[in-house]
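Written below as structure tokens is the structure these notes are about.
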Amino acid sequence: MSTTTPSRDVAAPERPARRAATPTDRRSPGRRRSLLPYLLLAPAVVLELAIHVVPMLVGAWMSLRELTQFHIRDWSTAPFVGWENYRVVLDVDSAVGAELLHSFGVTVGYTVASVGLSWVLGATAAVLLQRPFRGRGVLRALFLTPYALPVYTAVITWSFLFQRDTGLVNHVLVDQLHLLDDRPFWLIGENSFVALLTVSVWRSWPFAFLCLMAGLQNIPGELYEAAAMDGAGFWRRLRSVTLPMLRPVNLVLVLVLFLWTFNDFNTPYVLFGGSAPEQANLISLHIYRSSFKTWDFGAGSAMSVALLLFLLLVTAGYLLVTNRRRNDA
Amino acid sequence: MSRRHLAILTAAVLAATTLTACGDSGGSSGAAGKTLTYWASNQGASLEADKQTLQPELDKFEQQTGIKVNVEVVPWSDLLNRLLTAATSGQGPDVVNIGNTWSASLQATGALVEFDDATLAKVGGKDRFVPAALAAAGAPGKPPAAVPLYSLAYALYYNKKAFADAGVTSPPTTWEQVAEVGRKLTGGGRWGLAVEGANPSENAHHAFTFSQQYGGEWFDSAGKPTFDTPQNVAAVKRYVDLMAVDKIVNPSNAEYAQNQSVSDFANGKAAMLLWQAAGSNLKSQNMAPDAYGIAPVPFPATPPAGGRKVNSMVAGINLAVFKHTKNTDAALEFVKFMTSDAEQVALNRTYGSLPAVSTVANDPAFAAPEQKVLQQTLATTAAPLPQVPDESTFETLVGTAIKELFAEAAGGKPITEESVRQKLTRAQQQMR
């Protein structure tokens, strides 16, 4: 999605002047050489078409059709309804639109909280593990465990932990620490959002940790030495050296985490099953239910296309703003 | 390589992808040596146990006819989606099990072979089948889209010892008695009744039965949803009130979706359970058959005007054939085999369900108290769920609304007629 900027441009503090392409460069000895790049690209293009572009176009086409159980078998002949599906799913006064808006709101809150917490945790751990000490390697490996576990296994285990009567979470909170008198529910009702967020942060902070640790190791020690000579304390060094040097890593990290979290389907699906509590009904799960459980694939596709457009807009805006800042700097 | 070569290469890659997608089904013509694919629903304790139950029967079928059957046991949570995918793509198995409540929904896709009189004749004739079970195999006025295979009904399971200890001599026959008995049995880590509060299908089944008893319907004669009628509001409230008002259901049941209520009953944590053919499941959890009693599902003490004497859905599993099969005759041969007297006795005995054909109803295999109650219920007081194309959507939406109501009740929120109506109205508005 964000292949417009080659990575070496991102890493370099200043954009190198683009080398003027001379005619002699381009002219190759024969046709063979000029075809080679296309040939090498061909498999990628074919796969990209088959995996992304064609399904996306089919999805957009479906969103303009009345695709219910009556037409699912011969889905190519489903009646054309124009923008009707979009009108229904985006009309916030209708029950369908109101539900979509609600799950959109839940998803925005979930994404902001999850990405924010994952970043803070990942950054803290990365900074703390910068200096060598005994057991650092073990800790690093340990921190990466959630990232390495298969999603299904990890999340189903969390769903056991969160059971009200038999779960470990309540056992610790209520029986051992006596923090609460009453056993709260985690998988239904208000707390389900907290449970979902906990699992999400647990799953994604190791990725932030990994990226930021790699980024930190690339900062030359001399910069800190120079800053120390100038009398900069810990916070000043963090603000003036660490964060600016981490900017390229952070740009990619935050964008990737945002997209992953916003589209997260596995976590809520495994944690709650097909029907999530309304307080934790993420948009991807909501679209799944609208399409596959109530058999209205037209409306489901319209929701997906609207979501895709929203994510494209956010991504484009994000890249635009962050690029401008970098150019200004 | 020229541009043309490149184009050919691209086309070849694309063609290869398409071909792999269209592969298998492998239908050859000719009598013997054919192979069928069969998706069986999960009936027993596990997928593996089902395979072990079915395989000897399939081998017998191959010996008799020369037709080989490859079976895959599909868990319930995946089955509807997999069937839908098969219907959409025209790829997939030849013969499938479907939950009988989905019959009309799946019939609407037009992907299933319809069992008109001529087709039914090939599998033994219409008169073999239990009429109520056959009625739950397709939309009214149309030929069935499947034939019944296993029949089930809901019953009230109660713990005999718990009842005796509390001085209760007979099982409750009204909801008022359920509440009263339940209160006596609740306490000391045990609850009166266990429900599967977070399971939309289970909730929808009870919503149907209670609604019938309160004189309600979920769809009108034109197939349009009528979710939020006063009768349905009263019916759903009555069900949720078992937890919210009567307090005979453990609030934890609000997060049960994986048959934990059966486990609670088997382990003595609950004294009563509403379930369909729980026997084999209870046995696998070490509850002896003489430890529990079986009674029909209760009714309201004074039924409201229009209330019907219905205390179970006609539950069951059907056998359907996909139109895309290349071996229709072999598939029908297999349907005939599975619904034959011998197989009906063998399979239903293992699963604790009832035969779907009337010819073996009196077989000693179905003479246990549990089967007697289920048989009696099916014959006299069970009704099929509305056989409309939107049935599966009804299960999802109303079942989820009740799940949310249970969650609110468990969290201590009062359940009022107004809050029930709001949930049902919202569910109805999502049907379009």
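Just remember, in the structure tokens the first chain shown is A, the second B, etc., residues are 1-based per chain, and ligands are 1-based in the order shown.
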- Query: Once you count only C-alpha atoms, which residues of chain B turn out to be within 8 Å of chain A? Could you give them as an MDAnalysis selection string?
  - Reply: chainID B and resid 1:2 6 10 14 81 87:90 105:106 108:111 252 254:255 389 392:393 396:397 400 404 407:408 411 426 429:430
Selected residues written out, N, CA, C and O atoms, as a short mmCIF file (atom, residue, chain, number, x, y, z; two decimals), in the first residue's frame:
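As a result, out_4.cif now contains:
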data_model
loop_
_atom_site.label_atom_id
_atom_site.label_comp_id
_atom_site.auth_asym_id
_atom_site.auth_seq_id
_atom_site.Cartn_x
_atom_site.Cartn_y
_atom_site.Cartn_z
N MET B 1 12.36 -13.66 -24.68
CA MET B 1 10.91 -13.92 -24.68
C MET B 1 10.15 -12.67 -25.13
O MET B 1 10.44 -11.56 -24.68
N SER B 2 9.22 -12.86 -26.00
CA SER B 2 8.51 -11.70 -26.55
C SER B 2 7.31 -11.38 -25.68
O SER B 2 6.97 -12.10 -24.74
N LEU B 6 4.98 -13.70 -23.14
CA LEU B 6 4.64 -13.27 -21.79
C LEU B 6 3.13 -13.41 -21.57
O LEU B 6 2.67 -13.91 -20.55
N THR B 10 1.27 -15.66 -18.83
CA THR B 10 0.30 -15.11 -17.87
C THR B 10 -1.00 -15.89 -17.95
O THR B 10 -1.58 -16.28 -16.93
N LEU B 14 -2.87 -18.06 -15.00
CA LEU B 14 -4.25 -17.81 -14.59
C LEU B 14 -5.11 -19.06 -14.77
O LEU B 14 -5.89 -19.43 -13.90
N ASN B 81 -21.87 -22.14 7.24
CA ASN B 81 -20.97 -21.42 6.34
C ASN B 81 -20.43 -22.31 5.23
O ASN B 81 -20.35 -21.91 4.07
N ALA B 87 -22.85 -24.16 -1.79
CA ALA B 87 -23.98 -23.77 -2.63
C ALA B 87 -23.56 -22.68 -3.61
O ALA B 87 -23.93 -22.69 -4.78
N THR B 88 -22.75 -21.73 -3.15
CA THR B 88 -22.33 -20.61 -3.98
C THR B 88 -21.44 -21.06 -5.12
O THR B 88 -21.59 -20.66 -6.26
N SER B 89 -20.47 -21.93 -4.77
CA SER B 89 -19.43 -22.24 -5.75
C SER B 89 -19.84 -23.38 -6.65
O SER B 89 -19.26 -23.56 -7.71
N GLY B 90 -20.85 -24.17 -6.24
CA GLY B 90 -21.17 -25.35 -7.03
C GLY B 90 -20.11 -26.42 -6.89
O GLY B 90 -20.10 -27.39 -7.61
N SER B 105 -34.27 -22.03 4.48
CA SER B 105 -33.22 -21.06 4.13
C SER B 105 -32.33 -21.63 3.03
O SER B 105 -32.01 -20.96 2.06
N LEU B 106 -31.92 -22.88 3.20
CA LEU B 106 -31.04 -23.49 2.20
C LEU B 106 -31.81 -23.82 0.92
O LEU B 106 -31.26 -23.75 -0.18
N ALA B 108 -33.99 -21.99 -0.38
CA ALA B 108 -34.08 -20.74 -1.15
C ALA B 108 -32.86 -20.52 -2.03
O ALA B 108 -32.92 -19.80 -3.03
N THR B 109 -31.73 -21.13 -1.68
CA THR B 109 -30.56 -20.95 -2.53
C THR B 109 -30.69 -21.73 -3.84
O THR B 109 -29.97 -21.47 -4.79
N GLY B 110 -31.62 -22.69 -3.87
CA GLY B 110 -31.81 -23.47 -5.09
C GLY B 110 -30.69 -24.45 -5.35
O GLY B 110 -30.57 -24.97 -6.45
N ALA B 111 -29.87 -24.72 -4.35
CA ALA B 111 -28.71 -25.59 -4.58
C ALA B 111 -28.98 -27.04 -4.22
O ALA B 111 -28.16 -27.90 -4.51
N SER B 252 -23.78 -16.87 35.73
CA SER B 252 -22.67 -17.28 34.86
C SER B 252 -23.15 -17.94 33.57
O SER B 252 -22.44 -17.95 32.57
N ALA B 254 -24.98 -16.85 31.54
CA ALA B 254 -25.08 -15.85 30.48
C ALA B 254 -23.89 -15.90 29.54
O ALA B 254 -23.94 -15.34 28.45
N GLU B 255 -22.78 -16.52 29.94
CA GLU B 255 -21.65 -16.62 29.01
C GLU B 255 -21.45 -18.05 28.51
O GLU B 255 -20.45 -18.35 27.89
N PRO B 389 -37.48 -18.60 4.28
CA PRO B 389 -36.07 -18.42 3.89
C PRO B 389 -35.25 -17.64 4.92
O PRO B 389 -34.05 -17.84 5.03
N SER B 392 -32.76 -18.77 9.19
CA SER B 392 -31.42 -18.76 9.78
C SER B 392 -31.07 -17.36 10.29
O SER B 392 -30.35 -17.21 11.27
N THR B 393 -31.60 -16.34 9.61
CA THR B 393 -31.38 -14.97 10.08
C THR B 393 -32.11 -14.71 11.39
O THR B 393 -31.59 -14.04 12.29
N THR B 396 -30.08 -16.05 14.22
CA THR B 396 -28.95 -15.19 14.58
C THR B 396 -29.40 -13.95 15.33
O THR B 396 -28.86 -13.62 16.39
N LEU B 397 -30.41 -13.25 14.77
CA LEU B 397 -30.76 -11.94 15.33
C LEU B 397 -31.50 -12.06 16.66
O LEU B 397 -31.14 -11.40 17.64
N THR B 400 -29.25 -13.63 19.33
CA THR B 400 -28.28 -12.68 19.86
C THR B 400 -28.94 -11.65 20.78
O THR B 400 -28.36 -11.26 21.80
N GLU B 404 -27.96 -10.88 24.67
CA GLU B 404 -27.72 -9.57 25.29
C GLU B 404 -28.61 -9.37 26.52
O GLU B 404 -28.17 -8.79 27.52
N ALA B 407 -27.11 -11.20 29.31
CA ALA B 407 -25.94 -10.48 29.80
C ALA B 407 -26.37 -9.35 30.73
O ALA B 407 -25.75 -9.12 31.77
N GLU B 408 -27.46 -8.64 30.36
CA GLU B 408 -27.94 -7.54 31.21
C GLU B 408 -28.48 -8.09 32.53
O GLU B 408 -28.23 -7.53 33.60
N GLY B 411 -25.73 -8.98 34.76
CA GLY B 411 -25.07 -7.80 35.29
C GLY B 411 -25.94 -7.04 36.28
O GLY B 411 -25.56 -5.96 36.73
N ARG B 426 -35.18 -3.94 17.45
CA ARG B 426 -33.91 -3.70 16.76
C ARG B 426 -33.54 -4.91 15.90
O ARG B 426 -33.07 -4.78 14.77
N GLN B 429 -35.64 -4.83 12.79
CA GLN B 429 -35.25 -3.79 11.83
C GLN B 429 -34.02 -4.19 11.03
O GLN B 429 -33.74 -3.63 9.97
N GLN B 430 -33.26 -5.16 11.56
CA GLN B 430 -32.08 -5.58 10.80
C GLN B 430 -32.40 -6.60 9.74
O GLN B 430 -31.53 -6.97 8.95
#
- Polymer residues at most 10 Å from Gln130 in chain A, only C-alpha atoms, same-chain spacing of 2 or more positions, as number ranges by chain: A: 125-128, 132-133, 136, 213-214, 216-217
Just-selected residues, N, CA and C atoms written as a tab-separated table (two decimals), in the first residue's frame:
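Contents of the output file part_7.tsv:
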chain	number	residue	atom	x	y	z
A	125	ALA	N	9.77	-1.11	27.13
A	125	ALA	CA	10.58	-2.33	27.20
A	125	ALA	C	11.84	-2.20	26.36
A	126	ALA	N	11.73	-1.58	25.19
A	126	ALA	CA	12.89	-1.46	24.30
A	126	ALA	C	13.96	-0.59	24.95
A	127	VAL	N	13.53	0.52	25.59
A	127	VAL	CA	14.50	1.41	26.24
A	127	VAL	C	15.16	0.69	27.42
A	128	LEU	N	14.34	-0.02	28.21
A	128	LEU	CA	14.89	-0.69	29.40
A	128	LEU	C	15.87	-1.79	29.02
A	132	PRO	N	23.19	-3.63	28.16
A	132	PRO	CA	23.40	-5.05	28.40
A	132	PRO	C	23.35	-5.37	29.90
A	133	PHE	N	22.70	-6.43	30.25
A	133	PHE	CA	22.74	-6.92	31.64
A	133	PHE	C	22.47	-8.41	31.62
A	136	ARG	N	19.44	-10.49	29.80
A	136	ARG	CA	18.75	-9.67	28.81
A	136	ARG	C	18.21	-10.51	27.66
A	213	MET	N	13.19	-1.75	19.29
A	213	MET	CA	14.50	-2.21	19.74
A	213	MET	C	15.48	-2.15	18.58
A	214	ALA	N	15.05	-2.58	17.41
A	214	ALA	CA	15.92	-2.52	16.23
A	214	ALA	C	16.25	-1.07	15.91
A	216	LEU	N	16.33	1.50	17.97
A	216	LEU	CA	17.22	2.08	18.99
A	216	LEU	C	18.67	1.68	18.75
A	217	GLN	N	18.85	0.43	18.28
A	217	GLN	CA	20.22	-0.04	18.09
A	217	GLN	C	20.91	0.66	16.94
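The gap separating CA of Gly352 in chain B from CA of Leu156 in chain B is 15.4 Å, in Å to one decimal.
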- Message: Neighbouring residues of Lys126 in chain B were defined as those with any atom within 10 Å, considering only C-alpha atoms; residues of the same chain fewer than 4 positions away were excluded. Please report them as JSON, numbers by chain.
- Response: {"B": [115, 116, 117, 118, 119, 120, 121, 122, 130, 131, 134, 147, 357]}
- Task: Quick one: everything within 10 Å of Ala153 in chain B, counting only C-alpha atoms, minus sequence neighbours fewer than 6 positions away in the same chain. Send it as a PyMOL selection string.
- Result: chain B and resi 275-277+296-297+311-316+353-354+371+373-378+381-383
- Hey, what's within 12 Å of Tyr318 in chain A if we count only C-alpha atoms and toss same-chain stuff fewer than 2 positions away? As a list of chain:residue names, please? A:Ser2, A:Leu251, A:Val252, A:Val254, A:Leu255, A:Val256, A:Phe258, A:Leu259, A:Leu311, A:Leu312, A:Leu313, A:Val314, A:Thr315, A:Ala316, A:Leu320, A:Val321, A:Thr322, A:Asn323, A:Arg324, A:Arg325
- Message: Neighbouring residues of Phe104 in chain A were defined as those with any atom within 10 Å, considering only C-alpha atoms; residues of the same chain fewer than 5 positions away were excluded. Please report them as number ranges by chain.
- Response: A: 98-99, 109-110, 262, 281-284, 286, 307
- Message: Applying 12 Å and only C-alpha atoms, which residues near Pro171 in chain B remain after dropping the ones on its own chain fewer than 4 positions away? List them as a PyMOL selection string.
- Response: chain B and resi 155-160+162-164+167+175+177-182+271-273+292-298
- Message: Taking only range 105-266 of chain A into account, list the residues labelled alpha helix (DSSP H) by DSSP (computed from the backbone), as number ranges by chain.
- Response: A: 105-128, 136-143, 145-148, 151-161, 168-170, 192-217, 221-229, 234-237, 243-262, 266
Store the residues picked out above, limited to C-alpha atoms, as an mmCIF file, in the first residue's frame.
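Contents of the output file out-v2.cif:
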data_model
loop_
_atom_site.group_PDB
_atom_site.id
_atom_site.type_symbol
_atom_site.label_atom_id
_atom_site.label_comp_id
_atom_site.auth_asym_id
_atom_site.auth_seq_id
_atom_site.Cartn_x
_atom_site.Cartn_y
_atom_site.Cartn_z
ATOM 1 C CA GLY A 105 -17.150 3.883 17.157
ATOM 2 C CA VAL A 106 -16.162 0.820 19.192
ATOM 3 C CA THR A 107 -13.452 0.016 16.637
ATOM 4 C CA VAL A 108 -12.002 3.543 16.664
ATOM 5 C CA GLY A 109 -11.787 3.516 20.468
ATOM 6 C CA TYR A 110 -10.320 0.025 20.415
ATOM 7 C CA THR A 111 -7.714 0.928 17.787
ATOM 8 C CA VAL A 112 -6.570 4.151 19.456
ATOM 9 C CA ALA A 113 -6.296 2.507 22.870
ATOM 10 C CA SER A 114 -4.646 -0.669 21.604
ATOM 11 C CA VAL A 115 -2.076 1.032 19.350
ATOM 12 C CA GLY A 116 -1.308 3.643 22.025
ATOM 13 C CA LEU A 117 -0.816 1.108 24.811
ATOM 14 C CA SER A 118 1.148 -1.280 22.595
ATOM 15 C CA TRP A 119 3.475 1.529 21.580
ATOM 16 C CA VAL A 120 4.042 2.746 25.122
ATOM 17 C CA LEU A 121 4.690 -0.774 26.410
ATOM 18 C CA GLY A 122 6.916 -1.663 23.466
ATOM 19 C CA ALA A 123 8.914 1.569 23.751
ATOM 20 C CA THR A 124 9.371 1.235 27.522
ATOM 21 C CA ALA A 125 10.577 -2.335 27.204
ATOM 22 C CA ALA A 126 12.888 -1.455 24.305
ATOM 23 C CA VAL A 127 14.499 1.410 26.242
ATOM 24 C CA LEU A 128 14.887 -0.691 29.395
ATOM 25 C CA ARG A 136 18.752 -9.667 28.813
ATOM 26 C CA GLY A 137 18.626 -12.313 26.100
ATOM 27 C CA VAL A 138 16.161 -14.426 28.066
ATOM 28 C CA LEU A 139 13.933 -11.421 28.697
ATOM 29 C CA ARG A 140 13.975 -10.448 25.029
ATOM 30 C CA ALA A 141 12.954 -13.948 23.970
ATOM 31 C CA LEU A 142 10.276 -14.002 26.638
ATOM 32 C CA PHE A 143 8.824 -10.665 25.517
ATOM 33 C CA THR A 145 6.514 -15.080 22.970
ATOM 34 C CA PRO A 146 3.013 -13.626 22.443
ATOM 35 C CA TYR A 147 4.043 -12.603 18.938
ATOM 36 C CA ALA A 148 5.258 -16.119 18.138
ATOM 37 C CA VAL A 151 -3.402 -16.665 17.317
ATOM 38 C CA TYR A 152 -6.072 -19.269 17.898
ATOM 39 C CA THR A 153 -4.216 -21.027 20.699
ATOM 40 C CA ALA A 154 -3.345 -17.804 22.455
ATOM 41 C CA VAL A 155 -6.785 -16.205 22.266
ATOM 42 C CA ILE A 156 -8.711 -19.349 23.212
ATOM 43 C CA THR A 157 -6.483 -19.594 26.283
ATOM 44 C CA TRP A 158 -7.392 -16.005 27.151
ATOM 45 C CA SER A 159 -11.066 -16.889 26.801
ATOM 46 C CA PHE A 160 -10.557 -19.620 29.429
ATOM 47 C CA LEU A 161 -8.735 -17.170 31.694
ATOM 48 C CA LEU A 168 -7.819 -17.473 36.429
ATOM 49 C CA VAL A 169 -8.372 -13.708 36.108
ATOM 50 C CA ASN A 170 -11.242 -13.697 38.599
ATOM 51 C CA SER A 192 -15.871 -7.244 27.382
ATOM 52 C CA PHE A 193 -14.208 -4.190 25.826
ATOM 53 C CA VAL A 194 -11.498 -4.278 28.500
ATOM 54 C CA ALA A 195 -10.981 -8.002 27.947
ATOM 55 C CA LEU A 196 -10.690 -7.537 24.181
ATOM 56 C CA LEU A 197 -8.270 -4.630 24.613
ATOM 57 C CA THR A 198 -6.117 -6.632 27.027
ATOM 58 C CA VAL A 199 -5.734 -9.507 24.590
ATOM 59 C CA SER A 200 -5.084 -7.147 21.701
ATOM 60 C CA VAL A 201 -2.331 -5.230 23.520
ATOM 61 C CA TRP A 202 -0.834 -8.484 24.759
ATOM 62 C CA ARG A 203 -0.663 -9.682 21.157
ATOM 63 C CA SER A 204 0.658 -6.545 19.464
ATOM 64 C CA TRP A 205 3.076 -4.918 21.892
ATOM 65 C CA PRO A 206 5.881 -7.415 21.162
ATOM 66 C CA PHE A 207 5.838 -6.258 17.548
ATOM 67 C CA ALA A 208 6.256 -2.643 18.677
ATOM 68 C CA PHE A 209 9.006 -3.792 21.032
ATOM 69 C CA LEU A 210 10.812 -5.636 18.232
ATOM 70 C CA CYS A 211 10.680 -2.693 15.801
ATOM 71 C CA LEU A 212 11.664 -0.091 18.369
ATOM 72 C CA MET A 213 14.503 -2.207 19.736
ATOM 73 C CA ALA A 214 15.920 -2.516 16.227
ATOM 74 C CA GLY A 215 15.456 1.226 15.723
ATOM 75 C CA LEU A 216 17.216 2.078 18.987
ATOM 76 C CA GLN A 217 20.215 -0.038 18.092
ATOM 77 C CA GLY A 221 26.272 6.211 20.572
ATOM 78 C CA GLU A 222 28.178 9.417 19.735
ATOM 79 C CA LEU A 223 24.916 11.330 19.559
ATOM 80 C CA TYR A 224 24.186 10.491 23.197
ATOM 81 C CA GLU A 225 27.765 11.265 24.190
ATOM 82 C CA ALA A 226 27.543 14.663 22.506
ATOM 83 C CA ALA A 227 24.185 15.329 24.137
ATOM 84 C CA ALA A 228 25.605 14.346 27.529
ATOM 85 C CA MET A 229 28.538 16.716 26.985
ATOM 86 C CA PHE A 234 17.470 11.658 30.372
ATOM 87 C CA TRP A 235 14.252 13.358 29.216
ATOM 88 C CA ARG A 236 16.089 15.879 27.070
ATOM 89 C CA ARG A 237 18.067 13.111 25.368
ATOM 90 C CA LEU A 243 12.511 10.209 19.323
ATOM 91 C CA PRO A 244 13.721 12.100 16.219
ATOM 92 C CA MET A 245 16.022 9.236 15.294
ATOM 93 C CA LEU A 246 13.187 6.735 15.766
ATOM 94 C CA ARG A 247 10.808 8.715 13.591
ATOM 95 C CA PRO A 248 11.157 6.561 10.444
ATOM 96 C CA VAL A 249 10.539 3.398 12.462
ATOM 97 C CA ASN A 250 7.610 4.961 14.280
ATOM 98 C CA LEU A 251 5.970 6.141 11.062
ATOM 99 C CA VAL A 252 5.808 2.614 9.709
ATOM 100 C CA LEU A 253 5.110 0.980 13.063
ATOM 101 C CA VAL A 254 2.118 3.136 13.944
ATOM 102 C CA LEU A 255 0.621 2.821 10.466
ATOM 103 C CA VAL A 256 0.979 -0.958 10.409
ATOM 104 C CA LEU A 257 -0.377 -1.367 13.942
ATOM 105 C CA PHE A 258 -3.298 0.916 13.098
ATOM 106 C CA LEU A 259 -4.253 -1.079 10.007
ATOM 107 C CA TRP A 260 -3.849 -4.445 11.719
ATOM 108 C CA THR A 261 -5.821 -3.433 14.775
ATOM 109 C CA PHE A 262 -8.593 -1.688 12.891
ATOM 110 C CA ASN A 266 -9.225 -13.106 14.792
#
